[in-house]
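Heads up, structure.cif below (mmCIF, C-alpha atoms):
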```
data_run
#
loop_
_atom_site.label_atom_id
_atom_site.label_comp_id
_atom_site.auth_asym_id
_atom_site.auth_seq_id
_atom_site.Cartn_x
_atom_site.Cartn_y
_atom_site.Cartn_z
CA MET K 1 -2.27 1.04 27.38
CA ALA K 2 -4.51 -1.80 26.15
CA GLU K 3 -5.09 -3.30 29.61
CA ALA K 4 -5.87 0.05 31.22
CA ALA K 5 -8.34 0.90 28.46
CA THR K 6 -10.06 -2.48 28.80
CA ALA K 7 -10.45 -1.95 32.54
CA ARG K 8 -11.85 1.54 31.95
CA ARG K 9 -14.15 0.42 29.18
CA SER K 10 -15.65 -2.40 31.25
CA ARG K 11 -17.74 0.20 33.08
CA ILE K 12 -20.09 0.53 30.09
CA THR K 13 -22.29 -2.21 28.66
CA PRO K 14 -21.24 -4.08 25.49
CA GLU K 15 -24.39 -2.76 23.76
CA ARG K 16 -23.51 0.83 24.59
CA GLU K 17 -19.92 0.24 23.49
CA ALA K 18 -21.07 -1.21 20.13
CA GLU K 19 -23.46 1.71 19.60
CA LEU K 20 -20.70 4.18 20.35
CA TYR K 21 -18.20 2.51 17.98
CA ALA K 22 -20.80 2.49 15.19
CA ALA K 23 -21.39 6.21 15.68
CA VAL K 24 -17.63 6.89 15.59
CA LEU K 25 -17.26 5.03 12.28
CA ASP K 26 -20.29 6.82 10.80
CA LEU K 27 -18.76 10.17 11.73
CA LEU K 28 -15.37 9.10 10.40
CA ARG K 29 -16.95 8.25 7.03
CA GLU K 30 -18.80 11.56 6.99
CA VAL K 31 -16.00 13.99 7.83
CA GLY K 32 -12.66 12.09 7.76
CA TYR K 33 -10.04 11.74 10.48
CA GLU K 34 -8.73 15.29 10.61
CA ALA K 35 -12.11 16.97 10.91
CA LEU K 36 -13.45 14.45 13.40
CA THR K 37 -13.40 15.95 16.91
CA MET K 38 -14.06 14.43 20.31
CA ASP K 39 -16.73 17.14 20.64
CA ALA K 40 -18.55 15.80 17.59
CA ILE K 41 -18.29 12.23 18.90
CA ALA K 42 -19.61 13.35 22.29
CA ALA K 43 -22.55 15.15 20.66
CA ARG K 44 -23.44 12.31 18.29
CA THR K 45 -23.26 9.67 21.04
CA ARG K 46 -24.78 11.85 23.77
CA SER K 47 -21.71 11.29 25.95
CA SER K 48 -19.55 13.80 27.77
CA LYS K 49 -16.08 14.43 26.39
CA ALA K 50 -14.71 13.63 29.85
CA THR K 51 -16.30 10.18 29.62
CA LEU K 52 -14.78 9.55 26.18
CA TYR K 53 -11.31 10.54 27.36
CA ARG K 54 -11.65 8.53 30.57
CA GLN K 55 -12.79 5.43 28.73
CA TRP K 56 -10.56 5.57 25.65
CA GLY K 57 -7.70 7.89 26.47
CA SER K 58 -7.43 9.61 23.08
CA LYS K 59 -9.07 10.07 19.70
CA PRO K 60 -6.61 7.75 17.89
CA GLU K 61 -7.21 5.00 20.45
CA LEU K 62 -10.99 5.37 20.29
CA ILE K 63 -10.92 5.21 16.50
CA ALA K 64 -8.60 2.20 16.38
CA ARG K 65 -10.86 0.36 18.85
CA ALA K 66 -13.95 1.25 16.82
CA LEU K 67 -12.28 -0.17 13.70
CA ARG K 68 -11.24 -3.31 15.56
CA HIS K 69 -14.79 -3.78 16.85
CA ASN K 70 -16.01 -3.49 13.26
CA LYS K 71 -14.31 -6.83 12.44
CA PRO K 72 -17.11 -9.21 13.35
CA VAL K 73 -14.95 -12.33 13.71
CA SER K 74 -11.36 -12.68 14.89
CA ILE K 75 -9.15 -14.61 12.50
CA GLU K 76 -8.03 -17.02 15.23
CA ASP K 77 -11.64 -18.08 15.80
CA ILE K 78 -11.91 -19.25 12.20
CA ASP K 79 -10.95 -22.93 12.14
CA THR K 80 -12.40 -24.85 9.21
CA GLY K 81 -9.85 -27.67 9.23
CA SER K 82 -7.89 -26.59 6.14
CA LEU K 83 -5.78 -23.54 5.36
CA ARG K 84 -7.71 -22.90 2.15
CA GLY K 85 -10.98 -23.07 4.08
CA ASP K 86 -9.63 -20.72 6.75
CA PHE K 87 -8.47 -18.14 4.19
CA HIS K 88 -11.73 -18.24 2.29
CA ALA K 89 -13.73 -17.94 5.52
CA THR K 90 -11.54 -14.99 6.57
CA MET K 91 -12.17 -13.24 3.25
CA ALA K 92 -15.90 -13.92 3.62
CA ARG K 93 -16.12 -12.09 6.97
CA SER K 94 -17.32 -8.99 5.09
CA ASP K 95 -19.73 -8.79 2.18
CA ASP K 96 -18.80 -6.78 -0.92
CA CYS K 97 -20.82 -3.77 0.12
CA GLN K 98 -19.17 -3.63 3.53
CA MET K 99 -15.75 -4.18 1.90
CA GLU K 100 -16.25 -1.20 -0.39
CA ARG K 101 -17.30 0.98 2.56
CA ASP K 102 -14.33 -0.21 4.61
CA ALA K 103 -11.92 0.33 1.71
CA ALA K 104 -12.92 3.99 1.50
CA LEU K 105 -12.51 4.32 5.25
CA MET K 106 -9.08 2.67 5.29
CA ARG K 107 -7.86 4.76 2.35
CA GLY K 108 -8.66 7.90 4.31
CA LEU K 109 -7.01 6.55 7.45
CA PHE K 110 -3.83 5.39 5.75
CA HIS K 111 -3.68 8.91 4.39
CA ALA K 112 -4.10 10.31 7.92
CA VAL K 113 -1.43 8.10 9.56
CA HIS K 114 1.13 9.87 7.39
CA ASP K 115 0.66 13.02 9.49
CA ASN K 116 -0.35 11.39 12.78
CA PRO K 117 2.24 9.14 14.43
CA GLU K 118 -0.13 8.65 17.39
CA LEU K 119 -2.85 7.31 15.06
CA HIS K 120 -0.30 5.10 13.31
CA GLN K 121 0.79 3.70 16.67
CA ALA K 122 -2.81 3.07 17.82
CA MET K 123 -3.77 1.41 14.52
CA ARG K 124 -0.67 -0.73 14.67
CA GLN K 125 -1.20 -1.81 18.28
CA LEU K 126 -4.98 -2.19 18.36
CA LEU K 127 -5.85 -3.19 14.81
CA ILE K 128 -2.92 -4.51 12.79
CA GLU K 129 -1.05 -6.52 15.45
CA PRO K 130 -4.14 -8.48 16.61
CA GLU K 131 -4.89 -9.36 12.96
CA ILE K 132 -1.30 -10.50 12.44
CA THR K 133 -1.45 -12.57 15.65
CA GLY K 134 -4.68 -14.19 14.41
CA LEU K 135 -3.14 -14.84 11.01
CA ASN K 136 -0.10 -16.45 12.61
CA THR K 137 -2.35 -18.72 14.71
CA MET K 138 -4.12 -19.81 11.53
CA LEU K 139 -0.80 -20.48 9.81
CA ARG K 140 0.60 -22.38 12.80
CA ARG K 141 -2.40 -24.70 12.75
CA ALA K 142 -1.73 -25.39 9.05
CA VAL K 143 1.90 -26.22 9.89
CA ASP K 144 0.77 -28.48 12.76
CA ARG K 145 -1.60 -30.31 10.39
CA GLY K 146 1.29 -30.82 7.97
CA GLU K 147 -0.27 -28.68 5.23
CA VAL K 148 2.66 -26.22 5.17
CA ASP K 149 6.34 -26.98 5.83
CA ALA K 150 7.46 -25.35 9.07
CA ASP K 151 10.45 -23.85 7.26
CA ASN K 152 8.55 -22.55 4.21
CA PRO K 153 9.99 -19.03 3.82
CA ALA K 154 6.66 -17.64 2.53
CA LEU K 155 5.23 -18.04 6.06
CA ASP K 156 6.96 -14.76 6.95
CA TYR K 157 5.38 -12.93 4.02
CA VAL K 158 1.68 -13.82 4.13
CA ILE K 159 0.83 -10.37 5.47
CA HIS K 160 2.82 -8.77 2.63
CA MET K 161 0.92 -10.80 0.04
CA LEU K 162 -2.41 -9.85 1.62
CA VAL K 163 -1.58 -6.16 1.84
CA GLY K 164 -0.46 -6.25 -1.79
CA GLY K 165 -3.81 -7.66 -2.87
CA PHE K 166 -5.68 -4.83 -1.19
CA VAL K 167 -3.36 -1.94 -2.05
CA ALA K 168 -2.53 -2.83 -5.66
CA ARG K 169 -6.16 -3.55 -6.50
CA ASP K 170 -7.00 -0.08 -5.25
CA LEU K 171 -3.96 1.95 -6.31
CA ILE K 172 -2.88 0.28 -9.56
CA GLU K 173 -6.05 -1.25 -10.90
CA ASP K 174 -8.29 1.49 -9.47
CA ARG K 175 -10.85 -1.15 -8.51
CA THR K 176 -12.33 -1.99 -5.15
CA VAL K 177 -11.37 -5.29 -3.58
CA ASP K 178 -14.29 -7.73 -3.52
CA ARG K 179 -14.73 -11.29 -2.38
CA ALA K 180 -14.32 -12.78 -5.86
CA PHE K 181 -10.97 -11.01 -6.31
CA LEU K 182 -9.73 -12.05 -2.86
CA ALA K 183 -10.78 -15.68 -3.35
CA SER K 184 -8.95 -15.81 -6.66
CA TYR K 185 -5.88 -14.07 -5.19
CA VAL K 186 -5.70 -16.52 -2.27
CA ASP K 187 -5.87 -19.50 -4.65
CA ALA K 188 -3.48 -18.06 -7.25
CA VAL K 189 -0.86 -16.48 -5.00
CA ILE K 190 -0.96 -17.20 -1.29
CA LEU K 191 -1.65 -20.93 -1.23
CA PRO K 192 0.85 -21.77 -4.04
CA ALA K 193 3.56 -19.66 -2.36
CA LEU K 194 2.93 -21.68 0.82
CA GLY K 195 3.14 -24.91 -1.17
CA VAL K 196 -0.53 -25.80 -0.52
CA MET Z 1 -0.46 13.59 -23.76
CA ALA Z 2 2.68 11.41 -23.73
CA GLU Z 3 3.41 11.88 -27.46
CA ALA Z 4 2.91 15.63 -27.36
CA ALA Z 5 5.17 15.96 -24.34
CA THR Z 6 7.89 13.89 -26.04
CA ALA Z 7 7.75 16.13 -29.10
CA ARG Z 8 7.92 19.23 -26.93
CA ARG Z 9 10.70 17.89 -24.77
CA SER Z 10 12.92 16.96 -27.71
CA ARG Z 11 13.85 20.65 -28.06
CA ILE Z 12 16.19 20.42 -25.07
CA THR Z 13 19.31 18.28 -24.83
CA PRO Z 14 19.23 14.99 -22.87
CA GLU Z 15 21.87 16.39 -20.49
CA ARG Z 16 19.76 19.45 -19.73
CA GLU Z 17 16.69 17.26 -19.30
CA ALA Z 18 18.52 14.96 -16.83
CA GLU Z 19 19.81 17.98 -14.88
CA LEU Z 20 16.32 19.43 -14.69
CA TYR Z 21 14.74 16.16 -13.52
CA ALA Z 22 17.40 15.79 -10.81
CA ALA Z 23 16.65 19.31 -9.57
CA VAL Z 24 12.90 18.56 -9.51
CA LEU Z 25 13.46 15.43 -7.40
CA ASP Z 26 15.79 17.29 -5.03
CA LEU Z 27 13.15 19.98 -4.53
CA LEU Z 28 10.45 17.35 -4.08
CA ARG Z 29 12.48 15.69 -1.30
CA GLU Z 30 13.09 19.05 0.33
CA VAL Z 31 9.58 20.49 0.39
CA GLY Z 32 7.10 17.76 -0.65
CA TYR Z 33 4.57 17.76 -3.45
CA GLU Z 34 2.09 20.32 -2.12
CA ALA Z 35 4.65 23.01 -1.37
CA LEU Z 36 6.58 22.44 -4.60
CA THR Z 37 5.77 25.22 -7.06
CA MET Z 38 6.62 25.67 -10.72
CA ASP Z 39 8.17 29.00 -9.61
CA ALA Z 40 10.58 27.13 -7.32
CA ILE Z 41 11.46 24.66 -10.08
CA ALA Z 42 12.03 27.55 -12.51
CA ALA Z 43 14.29 29.33 -10.00
CA ARG Z 44 16.29 26.22 -9.06
CA THR Z 45 16.80 25.17 -12.68
CA ARG Z 46 17.25 28.68 -14.06
CA SER Z 47 14.39 28.13 -16.52
CA SER Z 48 11.36 30.28 -17.21
CA LYS Z 49 8.03 29.02 -15.99
CA ALA Z 50 6.72 29.42 -19.54
CA THR Z 51 9.40 26.97 -20.73
CA LEU Z 52 8.46 24.45 -18.06
CA TYR Z 53 4.78 24.60 -18.95
CA ARG Z 54 5.53 24.46 -22.69
CA GLN Z 55 7.80 21.44 -22.31
CA TRP Z 56 5.90 19.45 -19.65
CA GLY Z 57 2.38 20.80 -19.62
CA SER Z 58 1.82 20.63 -15.86
CA LYS Z 59 3.47 20.08 -12.50
CA PRO Z 60 2.11 16.52 -12.11
CA GLU Z 61 3.41 15.57 -15.55
CA LEU Z 62 6.83 17.09 -14.93
CA ILE Z 63 7.13 15.25 -11.63
CA ALA Z 64 5.97 11.92 -13.02
CA ARG Z 65 8.53 12.24 -15.85
CA ALA Z 66 11.28 13.15 -13.40
CA LEU Z 67 10.46 10.03 -11.36
CA ARG Z 68 10.40 7.89 -14.49
CA HIS Z 69 13.79 9.26 -15.55
CA ASN Z 70 15.12 8.34 -12.10
CA LYS Z 71 14.72 4.63 -12.99
CA PRO Z 72 18.09 3.99 -14.58
CA VAL Z 73 17.11 0.82 -16.46
CA SER Z 74 13.76 -0.17 -17.99
CA ILE Z 75 12.55 -3.57 -16.86
CA GLU Z 76 12.09 -4.77 -20.44
CA ASP Z 77 15.80 -4.18 -21.12
CA ILE Z 78 16.73 -6.65 -18.37
CA ASP Z 79 17.11 -10.04 -20.01
CA THR Z 80 19.33 -12.45 -18.11
CA GLY Z 81 17.90 -15.65 -19.58
CA SER Z 82 15.94 -16.76 -16.50
CA LEU Z 83 13.00 -15.28 -14.63
CA ARG Z 84 14.84 -15.51 -11.33
CA GLY Z 85 17.80 -13.69 -12.85
CA ASP Z 86 15.52 -11.04 -14.33
CA PHE Z 87 13.75 -10.39 -11.01
CA HIS Z 88 17.00 -10.20 -9.08
CA ALA Z 89 18.52 -7.85 -11.68
CA THR Z 90 15.39 -5.68 -11.51
CA MET Z 91 15.62 -5.47 -7.73
CA ALA Z 92 19.32 -4.59 -8.03
CA ARG Z 93 18.64 -1.54 -10.20
CA SER Z 94 18.87 0.66 -7.08
CA ASP Z 95 21.30 0.37 -4.19
CA ASP Z 96 19.97 0.36 -0.60
CA CYS Z 97 20.77 4.00 -0.04
CA GLN Z 98 18.90 5.05 -3.18
CA MET Z 99 16.03 2.72 -2.24
CA GLU Z 100 15.67 4.38 1.14
CA ARG Z 101 15.66 7.83 -0.46
CA ASP Z 102 13.12 6.71 -3.06
CA ALA Z 103 10.91 5.09 -0.41
CA ALA Z 104 10.62 8.39 1.46
CA LEU Z 105 9.82 10.15 -1.81
CA MET Z 106 7.18 7.62 -2.84
CA ARG Z 107 5.56 7.67 0.61
CA GLY Z 108 5.06 11.41 0.28
CA LEU Z 109 3.72 11.08 -3.26
CA PHE Z 110 1.29 8.29 -2.50
CA HIS Z 111 0.06 10.58 0.23
CA ALA Z 112 -0.32 13.42 -2.28
CA VAL Z 113 -2.20 11.40 -4.93
CA HIS Z 114 -5.02 11.04 -2.42
CA ASP Z 115 -5.84 14.74 -2.88
CA ASN Z 116 -4.59 15.18 -6.45
CA PRO Z 117 -6.36 13.16 -9.14
CA GLU Z 118 -4.22 14.84 -11.80
CA LEU Z 119 -1.02 13.64 -10.08
CA HIS Z 120 -2.51 10.16 -9.69
CA GLN Z 121 -3.35 10.10 -13.40
CA ALA Z 122 0.15 11.32 -14.42
CA MET Z 123 1.88 8.81 -12.11
CA ARG Z 124 -0.30 6.04 -13.44
CA GLN Z 125 0.27 6.89 -17.08
CA LEU Z 126 3.93 7.90 -17.02
CA LEU Z 127 5.38 5.81 -14.20
CA ILE Z 128 3.24 2.82 -13.22
CA GLU Z 129 1.96 1.68 -16.63
CA PRO Z 130 5.43 1.61 -18.27
CA GLU Z 131 6.74 -0.47 -15.34
CA ILE Z 132 3.79 -2.87 -15.67
CA THR Z 133 4.38 -3.13 -19.42
CA GLY Z 134 8.06 -3.93 -18.76
CA LEU Z 135 7.11 -6.48 -16.12
CA ASN Z 136 4.68 -8.16 -18.50
CA THR Z 137 7.38 -8.34 -21.18
CA MET Z 138 9.67 -10.06 -18.67
CA LEU Z 139 6.92 -12.50 -17.70
CA ARG Z 140 6.02 -13.24 -21.32
CA ARG Z 141 9.64 -14.18 -22.04
CA ALA Z 142 9.53 -16.59 -19.08
CA VAL Z 143 6.34 -18.15 -20.50
CA ASP Z 144 7.96 -18.40 -23.95
CA ARG Z 145 10.99 -20.15 -22.43
CA GLY Z 146 8.64 -22.62 -20.73
CA GLU Z 147 9.58 -21.48 -17.20
CA VAL Z 148 6.01 -20.48 -16.34
CA ASP Z 149 2.77 -22.08 -17.55
CA ALA Z 150 0.91 -19.68 -19.84
CA ASP Z 151 -2.26 -20.22 -17.81
CA ASN Z 152 -0.69 -19.84 -14.36
CA PRO Z 153 -3.19 -17.56 -12.58
CA ALA Z 154 -0.45 -15.84 -10.54
CA LEU Z 155 0.75 -14.14 -13.76
CA ASP Z 156 -2.06 -11.61 -13.27
CA TYR Z 157 -0.98 -10.84 -9.72
CA VAL Z 158 2.78 -10.27 -9.90
CA ILE Z 159 2.31 -6.52 -9.53
CA HIS Z 160 0.13 -7.10 -6.45
CA MET Z 161 2.80 -9.28 -4.86
CA LEU Z 162 5.48 -6.67 -5.58
CA VAL Z 163 3.42 -3.78 -4.25
CA GLY Z 164 2.69 -5.82 -1.11
CA GLY Z 165 6.39 -6.34 -0.50
CA PHE Z 166 7.05 -2.61 -0.61
CA VAL Z 167 3.98 -1.36 1.23
CA ALA Z 168 3.79 -3.96 4.01
CA ARG Z 169 7.50 -3.69 4.76
CA ASP Z 170 7.03 0.02 5.20
CA LEU Z 171 3.58 0.23 6.80
CA ILE Z 172 3.38 -2.93 8.89
CA GLU Z 173 6.99 -3.70 9.68
CA ASP Z 174 8.05 -0.05 9.79
CA ARG Z 175 11.26 -0.98 7.97
CA THR Z 176 12.65 0.28 4.71
CA VAL Z 177 12.75 -2.08 1.77
CA ASP Z 178 16.29 -3.10 0.91
CA ARG Z 179 17.85 -5.43 -1.63
CA ALA Z 180 18.25 -8.34 0.81
CA PHE Z 181 14.54 -8.20 1.70
CA LEU Z 182 13.47 -7.97 -1.94
CA ALA Z 183 15.70 -10.85 -3.00
CA SER Z 184 14.31 -13.03 -0.24
CA TYR Z 185 10.72 -11.99 -1.04
CA VAL Z 186 11.15 -12.83 -4.74
CA ASP Z 187 12.51 -16.28 -3.90
CA ALA Z 188 9.98 -17.02 -1.13
CA VAL Z 189 6.82 -15.61 -2.68
CA ILE Z 190 6.86 -14.55 -6.31
CA LEU Z 191 8.76 -17.41 -7.93
CA PRO Z 192 6.92 -20.18 -5.98
CA ALA Z 193 3.53 -18.61 -6.78
CA LEU Z 194 4.56 -18.69 -10.45
CA GLY Z 195 5.64 -22.31 -10.09
CA VAL Z 196 9.31 -21.51 -10.79
#
```

Represent the structure of the file as structure tokens.
Amino acid sequence: MAEAATARRSRITPEREAELYAAVLDLLREVGYEALTMDAIAARTRSSKATLYRQWGSKPELIARALRHNKPVSIEDIDTGSLRGDFHATMARSDDCQMERDAALMRGLFHAVHDNPELHQAMRQLLIEPEITGLNTMLRRAVDRGEVDADNPALDYVIHMLVGGFVARDLIEDRTVDRAFLASYVDAVILPALGV
Amino acid sequence: MAEAATARRSRITPEREAELYAAVLDLLREVGYEALTMDAIAARTRSSKATLYRQWGSKPELIARALRHNKPVSIEDIDTGSLRGDFHATMARSDDCQMERDAALMRGLFHAVHDNPELHQAMRQLLIEPEITGLNTMLRRAVDRGEVDADNPALDYVIHMLVGGFVARDLIEDRTVDRAFLASYVDAVILPALGV
């Protein structure tokens, strides 16, 4: 699915693609996943529905790709020379204002995946798995540098720790994740668990 | 709200209360939060709706109390003499089968709180806050025993780590939390972050 979509998408310019993804995320914030139609996306972006389906295959896939495009820097491209530096640079990819906007968006989407296995699958394949791959690259570099023991069992649970930071801050503390919280969480939890 | 409900509830026997809570959770598993009505609970438990409202005030409160009652042992009553022992005993409160059933239930409810601030409030007050209080009691004992430094910054984030274990296992790995996973997560993540 990913390769076919890439081939299809290559027919439009990167600028047009970025413009279209921005419009999709704006609409998603305005009306939510359920109410968002391919018709509305076509109207807002002055595209034909046929073009949207040809280029992206489905609404879940288009939305997952728009979310992925919204991440300005891939984790694997962050390489500061230390694991702590890499984590802090990763957390600094978004400013607090953007993080608050994204948190609202993700809350709505995690709500929607409950009823939409196709959206869950697209988010998993196009958004979550690339982030996990990037995270694992970052962790492997730290192991190669000797910062983390190759057999440290917490290496398998970094994604769990990260998800916990985001979800518990939101659900239990009823506060939005910001950079100060994430920086403190990385230093207090993730690095000590990894023995750094 | 909690005190008033306790006073009201004391008019029925503990056995009757347990029976009623079990029926509420059965119904909740069968139909989900939205479709669950006080009429259905009244019919299933052979109570009058007036009695239900008098004793529990509202559907969210009744459900939160039923969930709370479902936790057989309060965390603060677990006191094995070591933090590792306490965590492992806490994780062993439910068997794998019960954990899988509860995971499905909680998934549905976390979905429902998105649209129901009153349910979110009742779950927070009657279910989440008592668990956090119990957890903090357990952690304070570990600090008093000298197992954890009083100023270890991870003490503020134990709930985040725990939530991450549950949510990421479910959402990212698409696997149900079981006792083996939780035991390994406690040993790999939570205890090292706390310096134990």

Q. Once you count only C-alpha atoms, which residues of chain Z turn out to be within 7 Å of chain K? Could you give them as a ChimeraX atom specification?
A. /Z:111,153-154,160-161,163-165,168,188-189,192-193

Q: Would you kindly translate the PyMOL selection byres ((chain K and resi 85) around 12) into the concrete residues it picks from this file, as a PyMOL selection string?
A: chain K and resi 78-84+86-92+138-139+142+183+186-187+191+196

(Q) For Z:Leu25, find every residue with an atom within 12 Å (counting only C-alpha atoms), except residues of its own chain fewer than 5 positions away, and show them as a PyMOL selection string. (A) chain Z and resi 18-20+30-33+36+41+44-45+62-70+101-102+104-106+109

Q. In Å, how far is it from atom CA of K:Glu61 to atom CA of K:Thr37?
A. 13.1 Å

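Going from atom CA of Z:Arg179 to atom CA of Z:Val73 covers 16.1 Å.
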
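Going from atom CA of Z:Leu127 over to atom CA of Z:Glu147, you cover 27.8 Å.
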
Q. With distances taken over all atoms listed in the file, which of Z:Lys71, Z:Lys59, Z:Lys49, Z:Arg175 is nearest to Z:Glu131?
A.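 That would be Z:Lys71, the residue with the smallest distance to Z:Glu131.
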
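Taking all atoms listed in the file, the non-local environment of Z:Ser47 within 12 Å (same-chain residues fewer than 3 positions away omitted) comprises Ile12, Arg16, Glu17, Glu19, Leu20, Ala23, Val24, Met38, Asp39, Ala40, Ile41, Ala42, Ala43, Arg44, Ala50, Thr51, Leu52, Tyr53, Arg54 and Gln55 of chain Z.
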
Q: Please work out which residues fall within 6 Å of (-11.4, -6.0, 1.2), coordinates as given in the file, with all atoms listed in the file counting, and return them as a ChimeraX atom specification.
A: /K:99,177-178

Could stretch 150-173 of chain Z be completed with N, CA and C atoms and written as a CSV table (one decimal), keeping the file's coordinate frame, please?
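File produced: part12.csv:
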```csv
chain,number,residue,atom,x,y,z
Z,150,ALA,N,1.6,-20.8,-19.3
Z,150,ALA,CA,0.9,-19.7,-19.8
Z,150,ALA,C,-0.4,-19.4,-19.1
Z,151,ASP,N,-1.0,-20.4,-18.5
Z,151,ASP,CA,-2.3,-20.2,-17.8
Z,151,ASP,C,-2.1,-20.2,-16.3
Z,152,ASN,N,-0.9,-20.0,-15.8
Z,152,ASN,CA,-0.7,-19.8,-14.4
Z,152,ASN,C,-1.4,-18.6,-13.9
Z,153,PRO,N,-2.4,-18.7,-13.0
Z,153,PRO,CA,-3.2,-17.6,-12.6
Z,153,PRO,C,-2.4,-16.5,-11.8
Z,154,ALA,N,-1.3,-16.8,-11.3
Z,154,ALA,CA,-0.4,-15.8,-10.5
Z,154,ALA,C,0.2,-14.8,-11.5
Z,155,LEU,N,0.2,-15.1,-12.8
Z,155,LEU,CA,0.8,-14.1,-13.8
Z,155,LEU,C,0.0,-12.8,-13.7
Z,156,ASP,N,-1.3,-12.9,-13.4
Z,156,ASP,CA,-2.1,-11.6,-13.3
Z,156,ASP,C,-1.8,-10.8,-12.0
Z,157,TYR,N,-1.1,-11.4,-11.1
Z,157,TYR,CA,-1.0,-10.8,-9.7
Z,157,TYR,C,0.5,-10.5,-9.3
Z,158,VAL,N,1.4,-10.5,-10.3
Z,158,VAL,CA,2.8,-10.3,-9.9
Z,158,VAL,C,2.9,-8.8,-9.4
Z,159,ILE,N,2.2,-7.9,-10.0
Z,159,ILE,CA,2.3,-6.5,-9.5
Z,159,ILE,C,1.8,-6.4,-8.1
Z,160,HIS,N,0.7,-7.1,-7.8
Z,160,HIS,CA,0.1,-7.1,-6.4
Z,160,HIS,C,1.1,-7.6,-5.4
Z,161,MET,N,1.8,-8.7,-5.8
Z,161,MET,CA,2.8,-9.3,-4.9
Z,161,MET,C,3.9,-8.3,-4.6
Z,162,LEU,N,4.4,-7.6,-5.7
Z,162,LEU,CA,5.5,-6.7,-5.6
Z,162,LEU,C,5.1,-5.5,-4.7
Z,163,VAL,N,3.9,-4.9,-5.0
Z,163,VAL,CA,3.4,-3.8,-4.2
Z,163,VAL,C,3.3,-4.2,-2.8
Z,164,GLY,N,2.8,-5.4,-2.5
Z,164,GLY,CA,2.7,-5.8,-1.1
Z,164,GLY,C,4.0,-5.9,-0.4
Z,165,GLY,N,5.1,-6.3,-1.1
Z,165,GLY,CA,6.4,-6.3,-0.5
Z,165,GLY,C,6.8,-5.0,0.0
Z,166,PHE,N,6.6,-4.0,-0.9
Z,166,PHE,CA,7.0,-2.6,-0.6
Z,166,PHE,C,6.2,-2.0,0.5
Z,167,VAL,N,4.9,-2.1,0.3
Z,167,VAL,CA,4.0,-1.4,1.2
Z,167,VAL,C,4.0,-2.0,2.6
Z,168,ALA,N,3.9,-3.3,2.7
Z,168,ALA,CA,3.8,-4.0,4.0
Z,168,ALA,C,5.1,-3.8,4.8
Z,169,ARG,N,6.2,-3.9,4.1
Z,169,ARG,CA,7.5,-3.7,4.8
Z,169,ARG,C,7.5,-2.3,5.4
Z,170,ASP,N,7.0,-1.4,4.7
Z,170,ASP,CA,7.0,0.0,5.2
Z,170,ASP,C,6.0,0.3,6.3
Z,171,LEU,N,4.7,-0.1,6.0
Z,171,LEU,CA,3.6,0.2,6.8
Z,171,LEU,C,3.4,-0.7,8.0
Z,172,ILE,N,3.6,-2.0,7.8
Z,172,ILE,CA,3.4,-2.9,8.9
Z,172,ILE,C,4.6,-3.2,9.7
Z,173,GLU,N,5.7,-3.4,9.0
Z,173,GLU,CA,7.0,-3.7,9.7
Z,173,GLU,C,7.8,-2.4,10.1
```
